[in-house]
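Colleague: If it helps, the file is called start-v3.pdb and holds PDB, C-alpha atoms:
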```
ATOM      1  CA  MET W 144      25.425 -57.018 -36.256
ATOM      2  CA  VAL W 145      24.256 -53.645 -37.575
ATOM      3  CA  ALA W 146      24.455 -52.263 -34.043
ATOM      4  CA  PHE W 147      28.075 -53.438 -33.797
ATOM      5  CA  VAL W 148      29.069 -51.886 -37.131
ATOM      6  CA  VAL W 149      27.442 -48.543 -36.314
ATOM      7  CA  THR W 150      28.996 -48.367 -32.837
ATOM      8  CA  ALA W 151      32.458 -49.269 -34.102
ATOM      9  CA  LEU W 152      32.169 -46.773 -36.960
ATOM     10  CA  VAL W 153      31.132 -43.875 -34.697
ATOM     11  CA  CYS W 154      33.943 -44.806 -32.327
ATOM     12  CA  PHE W 155      36.503 -44.910 -35.144
ATOM     13  CA  ILE W 156      35.436 -41.546 -36.547
ATOM     14  CA  THR W 157      35.722 -39.968 -33.092
ATOM     15  CA  TYR W 158      39.178 -41.488 -32.676
ATOM     16  CA  LEU W 159      40.252 -40.142 -36.071
ATOM     17  CA  LEU W 160      38.994 -36.663 -35.174
ATOM     18  CA  LEU W 161      40.897 -36.691 -31.890
ATOM     19  CA  THR W 162      44.163 -37.850 -33.457
ATOM     20  CA  ILE W 163      44.084 -35.582 -36.505
ATOM     21  CA  GLY W 164      47.451 -34.075 -37.320
ATOM     22  CA  SER W 165      49.423 -37.076 -36.082
ATOM     23  CA  ALA W 166      51.160 -37.516 -39.448
ATOM     24  CA  ASN W 167      54.924 -37.702 -39.067
ATOM     25  CA  ASN W 168      57.010 -35.903 -41.671
ATOM     26  CA  ALA W 169      60.041 -38.168 -41.207
ATOM     27  CA  SER W 170      58.075 -41.342 -41.870
ATOM     28  CA  PHE W 171      56.514 -42.338 -45.194
ATOM     29  CA  LEU W 172      53.771 -44.436 -43.551
ATOM     30  CA  ASN W 173      51.188 -41.659 -43.517
ATOM     31  CA  LEU W 174      47.572 -41.588 -44.608
ATOM     32  CA  TRP W 175      47.048 -37.896 -45.355
ATOM     33  CA  MET W 176      46.655 -36.352 -41.862
ATOM     34  CA  TRP W 177      47.173 -39.478 -39.776
ATOM     35  CA  SER W 178      50.098 -41.755 -39.037
ATOM     36  CA  ILE W 179      49.541 -45.443 -39.741
ATOM     37  CA  GLU W 180      50.086 -46.423 -36.093
ATOM     38  CA  GLU W 181      47.205 -44.262 -34.907
ATOM     39  CA  ILE W 182      44.894 -45.719 -37.547
ATOM     40  CA  ILE W 183      45.705 -49.338 -36.659
ATOM     41  CA  PHE W 184      45.363 -48.702 -32.933
ATOM     42  CA  GLY W 185      42.098 -46.822 -33.509
ATOM     43  CA  LEU W 186      40.708 -49.730 -35.543
ATOM     44  CA  VAL W 187      41.551 -52.246 -32.815
ATOM     45  CA  LEU W 188      40.079 -50.052 -30.083
ATOM     46  CA  SER W 189      36.888 -49.268 -31.968
ATOM     47  CA  ILE W 190      36.266 -52.958 -32.738
ATOM     48  CA  LEU W 191      36.686 -53.774 -29.037
ATOM     49  CA  VAL W 192      34.365 -50.950 -27.993
ATOM     50  CA  GLY W 193      31.888 -51.983 -30.669
ATOM     51  CA  ILE W 194      31.697 -55.510 -29.243
ATOM     52  CA  VAL W 195      31.337 -54.325 -25.641
ATOM     53  CA  ALA W 196      29.041 -51.332 -26.033
ATOM     54  CA  ARG W 197      26.739 -52.191 -28.945
ATOM     55  CA  LYS W 198      23.690 -52.714 -26.745
ATOM     56  CA  VAL W 199      24.310 -49.535 -24.748
ATOM     57  CA  PHE W 200      24.748 -47.285 -27.761
ATOM     58  CA  ILE W 201      21.838 -48.554 -29.857
ATOM     59  CA  LYS W 202      18.724 -49.325 -27.864
ATOM     60  CA  LYS W 203      15.904 -50.371 -30.179
ATOM     61  CA  SER W 204      15.526 -48.787 -33.565
ATOM     62  CA  LEU W 205      17.976 -47.471 -36.143
ATOM     63  CA  ARG W 206      15.927 -44.437 -37.172
ATOM     64  CA  MET W 207      18.728 -42.009 -36.218
ATOM     65  CA  LEU W 208      20.794 -43.406 -39.113
ATOM     66  CA  ASN W 209      18.604 -41.449 -41.498
ATOM     67  CA  PRO W 210      20.695 -38.494 -42.801
ATOM     68  CA  VAL W 211      17.567 -36.333 -43.202
ATOM     69  CA  ARG W 212      17.284 -36.319 -39.399
ATOM     70  CA  TRP W 213      20.905 -35.175 -39.097
ATOM     71  CA  LEU W 214      20.311 -32.311 -41.528
ATOM     72  CA  LYS W 215      17.204 -31.329 -39.580
ATOM     73  CA  PHE W 216      19.242 -31.478 -36.368
ATOM     74  CA  ILE W 217      22.002 -29.232 -37.750
ATOM     75  CA  GLY W 218      19.392 -26.802 -39.093
ATOM     76  CA  TYR W 219      17.710 -26.764 -35.687
ATOM     77  CA  MET W 220      20.993 -26.069 -33.895
ATOM     78  CA  ILE W 221      21.986 -23.184 -36.163
ATOM     79  CA  GLY W 222      18.533 -21.653 -36.567
ATOM     80  CA  PRO W 223      15.873 -21.662 -33.832
ATOM     81  CA  PHE W 224      18.114 -23.012 -31.074
ATOM     82  CA  PHE W 225      20.863 -20.426 -31.448
ATOM     83  CA  ILE W 226      18.365 -17.555 -31.698
ATOM     84  CA  GLY W 227      16.578 -18.824 -28.579
ATOM     85  CA  MET W 228      19.881 -18.997 -26.766
ATOM     86  CA  ALA W 229      20.877 -15.436 -27.721
ATOM     87  CA  LYS W 230      17.479 -14.190 -26.487
ATOM     88  CA  ALA W 231      17.930 -16.141 -23.259
ATOM     89  CA  ASN W 232      21.209 -14.416 -22.564
ATOM     90  CA  PHE W 233      19.850 -10.913 -23.020
ATOM     91  CA  ASP W 234      16.901 -11.930 -20.828
ATOM     92  CA  VAL W 235      19.258 -13.095 -18.072
ATOM     93  CA  ALA W 236      21.365  -9.941 -18.507
ATOM     94  CA  TYR W 237      18.228  -7.835 -18.016
ATOM     95  CA  ARG W 238      17.283  -9.760 -14.876
ATOM     96  CA  VAL W 239      20.820  -9.627 -13.482
ATOM     97  CA  ILE W 240      20.874  -5.845 -13.817
ATOM     98  CA  THR W 241      17.301  -5.038 -12.677
ATOM     99  CA  GLY W 242      16.766  -7.937 -10.255
ATOM    100  CA  LYS W 243      13.135  -8.416 -11.368
ATOM    101  CA  ILE W 244      12.173 -12.077 -10.884
ATOM    102  CA  ASN W 245       8.900 -13.915 -10.403
ATOM    103  CA  PRO W 246       9.878 -17.579 -10.164
ATOM    104  CA  GLY W 247       7.933 -20.820  -9.901
ATOM    105  CA  ILE W 248       8.059 -24.492 -10.822
ATOM    106  CA  VAL W 249       5.501 -25.691 -13.388
ATOM    107  CA  LYS W 250       4.768 -29.012 -15.026
ATOM    108  CA  ILE W 251       4.424 -29.519 -18.780
ATOM    109  CA  SER W 252       3.479 -32.564 -20.836
ATOM    110  CA  PRO W 253       5.268 -32.477 -24.185
ATOM    111  CA  ASN W 254       4.173 -36.064 -24.941
ATOM    112  CA  LEU W 255       7.504 -37.176 -26.346
ATOM    113  CA  LYS W 256       8.070 -40.910 -26.516
ATOM    114  CA  THR W 257      11.808 -41.478 -26.903
ATOM    115  CA  ASP W 258      14.609 -40.907 -24.386
ATOM    116  CA  LEU W 259      16.648 -38.998 -26.964
ATOM    117  CA  GLY W 260      13.757 -36.644 -27.694
ATOM    118  CA  VAL W 261      13.156 -35.921 -24.008
ATOM    119  CA  THR W 262      16.874 -35.299 -23.445
ATOM    120  CA  MET W 263      17.058 -32.924 -26.393
ATOM    121  CA  LEU W 264      13.956 -31.001 -25.346
ATOM    122  CA  ALA W 265      15.092 -30.772 -21.716
ATOM    123  CA  ASN W 266      18.518 -29.455 -22.743
ATOM    124  CA  SER W 267      16.962 -26.995 -25.200
ATOM    125  CA  ILE W 268      14.608 -25.741 -22.492
ATOM    126  CA  THR W 269      17.481 -25.270 -20.069
ATOM    127  CA  LEU W 270      19.444 -23.174 -22.553
ATOM    128  CA  THR W 271      16.556 -20.970 -23.723
ATOM    129  CA  PRO W 272      14.825 -17.953 -22.143
ATOM    130  CA  GLY W 273      13.996 -18.042 -18.443
ATOM    131  CA  THR W 274      13.476 -21.773 -18.007
ATOM    132  CA  LEU W 275      15.420 -24.613 -16.364
ATOM    133  CA  THR W 276      14.489 -28.291 -16.286
ATOM    134  CA  VAL W 277      14.405 -29.469 -12.673
ATOM    135  CA  ASP W 278      12.894 -32.939 -12.690
ATOM    136  CA  ILE W 279      11.301 -35.502 -14.961
ATOM    137  CA  ASP W 280       8.512 -38.009 -14.485
ATOM    138  CA  GLU W 281       9.958 -41.108 -16.085
ATOM    139  CA  ASN W 282       6.647 -42.892 -16.597
ATOM    140  CA  THR W 283       4.798 -40.164 -18.461
ATOM    141  CA  ASN W 284       7.802 -38.101 -19.691
ATOM    142  CA  ASP W 285       6.395 -34.961 -18.052
ATOM    143  CA  LEU W 286       8.952 -32.269 -17.349
ATOM    144  CA  TYR W 287       9.090 -30.032 -14.275
ATOM    145  CA  ILE W 288      10.400 -26.605 -15.232
ATOM    146  CA  HIS W 289      11.733 -23.818 -13.035
ATOM    147  CA  TRP W 290      10.439 -20.659 -14.692
ATOM    148  CA  ILE W 291      12.084 -17.380 -13.753
ATOM    149  CA  ASN W 292       9.188 -15.160 -14.834
ATOM    150  CA  VAL W 293       5.837 -16.961 -14.495
ATOM    151  CA  LYS W 294       3.131 -15.470 -16.703
ATOM    152  CA  LYS W 295      -0.302 -15.041 -15.126
ATOM    153  CA  GLU W 296      -2.248 -16.234 -18.164
ATOM    154  CA  ALA W 297      -0.261 -19.467 -18.350
ATOM    155  CA  LEU W 298      -1.511 -20.568 -14.936
ATOM    156  CA  ASP W 299      -5.192 -20.578 -15.953
ATOM    157  CA  LYS W 300      -4.900 -24.052 -17.389
ATOM    158  CA  MET W 301      -3.260 -27.015 -15.602
ATOM    159  CA  PRO W 302      -0.878 -28.485 -16.533
ATOM    160  CA  VAL W 303       0.650 -25.433 -18.177
ATOM    161  CA  ASP W 304       0.444 -25.341 -21.950
ATOM    162  CA  CYS W 305       3.660 -26.418 -23.654
ATOM    163  CA  LYS W 306       3.786 -23.376 -25.950
ATOM    164  CA  PHE W 307       4.543 -20.933 -23.101
ATOM    165  CA  ILE W 308       7.706 -22.831 -22.186
ATOM    166  CA  CYS W 309       9.133 -24.442 -25.285
ATOM    167  CA  GLY W 310       7.650 -22.346 -28.113
ATOM    168  CA  LYS W 311       8.100 -24.406 -31.257
ATOM    169  CA  PHE W 312      10.954 -26.546 -29.917
ATOM    170  CA  ASP W 313       8.776 -29.581 -29.234
ATOM    171  CA  LYS W 314       7.685 -29.703 -32.885
ATOM    172  CA  HIS W 315      11.295 -29.503 -34.110
ATOM    173  CA  VAL W 316      12.433 -32.155 -31.640
ATOM    174  CA  ARG W 317       9.557 -34.427 -32.630
ATOM    175  CA  GLY W 318      10.642 -34.085 -36.262
ATOM    176  CA  ILE W 319      14.220 -35.033 -35.391
ATOM    177  CA  ALA W 320      13.868 -37.786 -32.829
ATOM    178  CA  GLU W 321      10.518 -39.488 -33.532
TER     179      GLU W 321
ATOM    180  CA  MET U 262      45.232  -6.692 -44.537
ATOM    181  CA  LEU U 263      43.039  -9.777 -44.337
ATOM    182  CA  ASN U 264      45.261 -11.033 -41.545
ATOM    183  CA  GLN U 265      44.559  -7.937 -39.476
ATOM    184  CA  LEU U 266      40.838  -8.192 -40.207
ATOM    185  CA  ILE U 267      40.794 -11.768 -38.888
ATOM    186  CA  ASP U 268      42.711 -10.573 -35.820
ATOM    187  CA  ILE U 269      40.021  -7.953 -35.152
ATOM    188  CA  VAL U 270      37.245 -10.555 -35.542
ATOM    189  CA  ILE U 271      39.058 -12.840 -33.078
ATOM    190  CA  TYR U 272      39.313  -9.997 -30.547
ATOM    191  CA  ILE U 273      35.609  -9.199 -30.942
ATOM    192  CA  LEU U 274      34.644 -12.854 -30.393
ATOM    193  CA  LEU U 275      36.853 -12.978 -27.297
ATOM    194  CA  ALA U 276      35.271  -9.794 -25.944
ATOM    195  CA  ILE U 277      31.711 -11.126 -26.419
ATOM    196  CA  GLY U 278      32.616 -14.429 -24.779
ATOM    197  CA  VAL U 279      34.294 -12.780 -21.779
ATOM    198  CA  PHE U 280      31.381 -10.349 -21.401
ATOM    199  CA  PHE U 281      28.818 -13.160 -21.103
ATOM    200  CA  ASN U 282      31.023 -15.127 -18.709
ATOM    201  CA  ILE U 283      31.370 -12.035 -16.487
ATOM    202  CA  LEU U 284      27.584 -11.682 -16.633
ATOM    203  CA  ALA U 285      27.276 -15.256 -15.352
ATOM    204  CA  GLY U 286      29.552 -14.353 -12.445
ATOM    205  CA  ILE U 287      27.529 -11.244 -11.547
ATOM    206  CA  GLY U 288      24.340 -13.301 -11.812
ATOM    207  CA  LEU U 289      25.701 -15.844  -9.359
ATOM    208  CA  LEU U 290      26.249 -13.054  -6.841
ATOM    209  CA  ARG U 291      22.997 -11.155  -7.362
ATOM    210  CA  PHE U 292      20.295 -13.827  -7.643
ATOM    211  CA  PRO U 293      18.583 -15.015  -4.441
ATOM    212  CA  ASP U 294      18.509 -18.835  -4.577
ATOM    213  CA  VAL U 295      20.060 -21.895  -6.189
ATOM    214  CA  TYR U 296      17.627 -22.199  -9.112
ATOM    215  CA  THR U 297      17.913 -18.651 -10.348
ATOM    216  CA  ARG U 298      21.680 -18.841  -9.897
ATOM    217  CA  LEU U 299      21.720 -21.920 -12.074
ATOM    218  CA  HIS U 300      19.871 -19.910 -14.740
ATOM    219  CA  ALA U 301      22.725 -17.426 -14.866
ATOM    220  CA  GLY U 302      25.443 -20.042 -14.459
ATOM    221  CA  THR U 303      24.212 -22.309 -17.248
ATOM    222  CA  LYS U 304      22.968 -20.050 -20.004
ATOM    223  CA  CYS U 305      25.596 -17.357 -19.891
ATOM    224  CA  THR U 306      28.616 -19.636 -19.567
ATOM    225  CA  THR U 307      27.433 -21.856 -22.434
ATOM    226  CA  PHE U 308      26.766 -18.893 -24.693
ATOM    227  CA  GLY U 309      30.048 -17.237 -23.767
ATOM    228  CA  SER U 310      31.986 -20.445 -24.319
ATOM    229  CA  ILE U 311      30.575 -20.729 -27.854
ATOM    230  CA  PHE U 312      32.214 -17.410 -28.720
ATOM    231  CA  LEU U 313      35.477 -18.218 -26.917
ATOM    232  CA  CYS U 314      35.709 -21.554 -28.763
ATOM    233  CA  GLY U 315      34.758 -19.740 -31.971
ATOM    234  CA  SER U 316      37.743 -17.427 -31.651
ATOM    235  CA  VAL U 317      40.127 -20.352 -31.075
ATOM    236  CA  ILE U 318      38.643 -22.205 -34.063
ATOM    237  CA  LEU U 319      39.102 -19.125 -36.260
ATOM    238  CA  TYR U 320      42.726 -18.738 -35.124
ATOM    239  CA  GLY U 321      43.407 -22.432 -35.830
ATOM    240  CA  LEU U 322      41.713 -22.264 -39.228
ATOM    241  CA  ARG U 323      43.947 -19.382 -40.269
ATOM    242  CA  MET U 324      47.016 -21.371 -39.169
ATOM    243  CA  TRP U 325      45.759 -24.413 -41.085
ATOM    244  CA  ILE U 326      45.051 -22.509 -44.285
ATOM    245  CA  LEU U 327      48.450 -20.784 -44.127
ATOM    246  CA  GLY U 328      50.079 -24.223 -44.150
ATOM    247  CA  ASN U 329      50.728 -25.072 -40.508
ATOM    248  CA  VAL U 330      49.195 -28.523 -39.916
ATOM    249  CA  ASP U 331      49.102 -27.955 -36.134
ATOM    250  CA  GLY U 332      46.146 -25.656 -36.770
ATOM    251  CA  SER U 333      43.989 -28.682 -37.582
ATOM    252  CA  ILE U 334      44.474 -29.995 -34.044
ATOM    253  CA  TRP U 335      43.299 -26.655 -32.615
ATOM    254  CA  VAL U 336      40.215 -26.575 -34.815
ATOM    255  CA  ILE U 337      39.025 -30.156 -34.329
ATOM    256  CA  HIS U 338      39.788 -30.419 -30.630
ATOM    257  CA  THR U 339      38.111 -27.115 -29.790
ATOM    258  CA  GLY U 340      35.094 -28.173 -31.852
ATOM    259  CA  ILE U 341      34.808 -31.423 -29.886
ATOM    260  CA  ALA U 342      35.201 -29.508 -26.616
ATOM    261  CA  LEU U 343      32.393 -27.184 -27.697
ATOM    262  CA  VAL U 344      30.077 -30.128 -28.403
ATOM    263  CA  ALA U 345      30.928 -31.579 -24.981
ATOM    264  CA  ILE U 346      30.135 -28.250 -23.290
ATOM    265  CA  LEU U 347      26.813 -27.967 -25.124
ATOM    266  CA  LEU U 348      25.831 -31.485 -24.019
ATOM    267  CA  THR U 349      27.062 -31.535 -20.432
ATOM    268  CA  ASN U 350      26.350 -27.994 -19.216
ATOM    269  CA  PRO U 351      22.522 -28.197 -19.268
ATOM    270  CA  THR U 352      22.650 -31.806 -18.042
ATOM    271  CA  GLY U 353      24.795 -30.801 -15.073
ATOM    272  CA  ALA U 354      22.477 -27.895 -14.246
ATOM    273  CA  HIS U 355      19.535 -30.289 -14.379
ATOM    274  CA  ALA U 356      21.258 -32.687 -11.977
ATOM    275  CA  LEU U 357      22.096 -29.855  -9.553
ATOM    276  CA  ALA U 358      18.554 -28.461  -9.608
ATOM    277  CA  ARG U 359      17.043 -31.905  -9.094
ATOM    278  CA  ALA U 360      19.380 -32.678  -6.191
ATOM    279  CA  ALA U 361      18.616 -29.302  -4.601
ATOM    280  CA  HIS U 362      14.886 -29.859  -4.828
ATOM    281  CA  ARG U 363      15.131 -33.387  -3.461
ATOM    282  CA  SER U 364      17.108 -32.205  -0.449
ATOM    283  CA  GLY U 365      14.374 -29.717   0.350
ATOM    284  CA  VAL U 366      15.550 -26.352  -1.002
ATOM    285  CA  LYS U 367      12.481 -24.256  -1.840
ATOM    286  CA  PRO U 368      12.600 -21.679  -4.643
ATOM    287  CA  VAL U 369      12.642 -18.188  -3.085
ATOM    288  CA  GLY U 370       9.501 -16.143  -3.783
ATOM    289  CA  ALA U 371       7.897 -18.909  -5.811
ATOM    290  CA  VAL U 372       4.461 -18.185  -7.268
ATOM    291  CA  ILE U 373       3.763 -21.866  -7.818
ATOM    292  CA  ASP U 374       5.584 -25.132  -7.080
ATOM    293  CA  GLU U 375       4.010 -28.107  -8.793
ATOM    294  CA  LEU U 376       6.957 -30.362  -8.092
ATOM    295  CA  GLU U 377       6.250 -30.265  -4.352
ATOM    296  CA  ASN U 378       3.321 -32.657  -4.711
ATOM    297  CA  LYS U 379       5.175 -35.170  -6.833
ATOM    298  CA  PRO U 380       5.750 -38.357  -4.797
ATOM    299  CA  THR U 381       9.440 -39.238  -4.792
ATOM    300  CA  LYS U 382      10.622 -42.806  -4.485
ATOM    301  CA  LYS U 383      12.082 -42.114  -1.056
ATOM    302  CA  SER U 384       8.907 -40.729   0.476
ATOM    303  CA  ALA U 385       6.844 -43.546  -1.096
ATOM    304  CA  ASN U 386       9.130 -46.090   0.602
ATOM    305  CA  LYS U 387       8.714 -44.269   3.920
ATOM    306  CA  MET U 388       4.927 -44.369   3.579
ATOM    307  CA  GLU U 389       5.028 -48.099   2.991
ATOM    308  CA  ALA U 390       7.307 -48.597   5.960
ATOM    309  CA  LYS U 391       4.854 -46.703   8.179
ATOM    310  CA  LYS U 392       1.979 -48.924   7.117
TER     311      LYS U 392
END
```
Let me see whether you can do it: turn the structure in this file into structure tokens.

Modeller:
Amino acid sequence: MVAFVVTALVCFITYLLLTIGSANNASFLNLWMWSIEEIIFGLVLSILVGIVARKVFIKKSLRMLNPVRWLKFIGYMIGPFFIGMAKANFDVAYRVITGKINPGIVKISPNLKTDLGVTMLANSITLTPGTLTVDIDENTNDLYIHWINVKKEALDKMPVDCKFICGKFDKHVRGIAE
Amino acid sequence: MLNQLIDIVIYILLAIGVFFNILAGIGLLRFPDVYTRLHAGTKCTTFGSIFLCGSVILYGLRMWILGNVDGSIWVIHTGIALVAILLTNPTGAHALARAAHRSGVKPVGAVIDELENKPTKKSANKMEAKK
């Protein structure tokens, strides 16, 4: 039941965002920015989607409903993630212009447990300096990373230490998703 | 006065976004193999698109604040498009890289390739068939 309500609610909010500004000046049946037709149709659609997709959208636990996790997520996106991304771009710019590369594929074990956490970490890694997620071991959640500039000291220990690749991202992601 | 200032900010955002997208294009031409090309293609286009979307959002916000309700559509829809880009761009790059490696493309000049030894489902099936 909770899964149904959450799915329908998320669906309805998305529908409202997409149909914002549909208010019709000639008609008096308006709810602020939306026309009443759009709201009724959105309600019907989101209830249908909620019934069909409740088990796809919410797998096991409801821990992502906690607003503290959302705040942490927004803070992560604006702070460390955006800075990492800016650095990544200047790094790529440098390599595009000079052509200095030293690539390789390494394996890291971030020890994340949830699918959402692994997805977030893999996407963060792809968008941050010199690294690209190539493959994933679905049993152990190990990630295989294509690294554009392999450091010598990182290869001393196998598998490669997580801190060379993801910096502090794994700690942030663990705080958000686990 | 403020109007012109916002115009200048919009032009600067557009310039930054176009610059990084051009960089992605040059990277695609200059890098040697599929993985390094994906580096350029993913990071730079995502970062550039943030600034391009930012300029559209700023333009729409000014319209909205000045009383034109159509501006709200610009702002919200571009925001949703930005979220979609941020989610799908790295995922798509990951799928491409994985497919390339599975079909046997080796990274050029690789120092180390730990993925080579990972047994894939396909090769495991072949081994069983041989037995």

Colleague: Name all residues at most 9 Å from Asn350 (chain U) (count only C-alpha atoms; drop same-chain ones fewer than 6 positions away) and give them as a list in words.

Modeller: Asn266 of chain W; Thr303, Lys304, Thr306 and Thr307 of chain U

Colleague: Selection in question (the file shown): the PyMOL selection byres ((chain U and resi 317) around 9). Which residues does it include, as a list in words?

Modeller: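 Matching residues under the PyMOL selection byres ((chain U and resi 317) around 9) are Ile271, Leu275, Phe312, Leu313, Cys314, Gly315, Ser316, Ile318, Leu319, Tyr320, Gly321, Leu322, Trp335, Val336 and Thr339 of chain U.
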
Colleague: Going by the chain IDs and residue numbers used in this file, which residues fall under the PyMOL selection byres ((chain U) within 9 of (chain W))? Write them as a PyMOL selection string.

Modeller: chain U and resi 281+284-285+287-289+291-292+296-297+299-301+303-305+307-308+330-334+337-338+341+347-348+350-352+354-360+362+368-377+379

Colleague: Specify as a short mmCIF file (atom, residue, chain, number, x, y, z; two decimals) with C-alpha atoms, in the coordinates of the input each residue included when the PyMOL selection byres ((chain W and resi 192-196) around 9) is applied to this file.

Modeller:
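Okay, selection_28.cif is ready:
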```cif
data_model
loop_
_atom_site.label_atom_id
_atom_site.label_comp_id
_atom_site.auth_asym_id
_atom_site.auth_seq_id
_atom_site.Cartn_x
_atom_site.Cartn_y
_atom_site.Cartn_z
CA ALA W 146 24.46 -52.26 -34.04
CA PHE W 147 28.08 -53.44 -33.80
CA VAL W 148 29.07 -51.89 -37.13
CA VAL W 149 27.44 -48.54 -36.31
CA THR W 150 29.00 -48.37 -32.84
CA ALA W 151 32.46 -49.27 -34.10
CA LEU W 152 32.17 -46.77 -36.96
CA CYS W 154 33.94 -44.81 -32.33
CA VAL W 187 41.55 -52.25 -32.82
CA LEU W 188 40.08 -50.05 -30.08
CA SER W 189 36.89 -49.27 -31.97
CA ILE W 190 36.27 -52.96 -32.74
CA LEU W 191 36.69 -53.77 -29.04
CA ARG W 197 26.74 -52.19 -28.94
CA LYS W 198 23.69 -52.71 -26.74
CA VAL W 199 24.31 -49.54 -24.75
CA PHE W 200 24.75 -47.28 -27.76
CA ILE W 201 21.84 -48.55 -29.86
#
```

Colleague: What is the CA of Phe307 (chain W)-CA of Gly353 (chain U) distance in Å, reported with one decimal?

Modeller: 23.9 Å

Colleague: Point out the residue among U:Val366, U:Ile311, U:Ala361, U:Leu290 with the least atom-to-atom distance to Gly278 (chain U), counting only C-alpha atoms.

Modeller: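 Selected residue with least distance to Gly278 (chain U): U:Ile311.
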
Colleague: In Å, with one decimal, what is the gap from CA of Asn284 (chain W) to CA of Lys367 (chain U)?

Modeller: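 Pair CA of Asn284 (chain W) / CA of Lys367 (chain U) returns 23.1 Å.
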
Colleague: Could you work out how far CA of Asn254 (chain W) lies from CA of Lys202 (chain W), giving the answer in Å with one decimal?

Modeller: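 Computed distance, CA of Lys202 (chain W) to CA of Asn254 (chain W), equals 19.9 Å.
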
Colleague: Go ahead and fit an axis-aligned box to every listed atom of region 317-335 of chain U plus 4 Å each side, and pass me the centre and edge lengths in Å, one decimal, as lines of an AutoDock Vina configuration file.

Modeller:
```
center_x = 44.7
center_y = -24.4
center_z = -37.7
size_x = 20.1
size_y = 19.3
size_z = 21.2
```
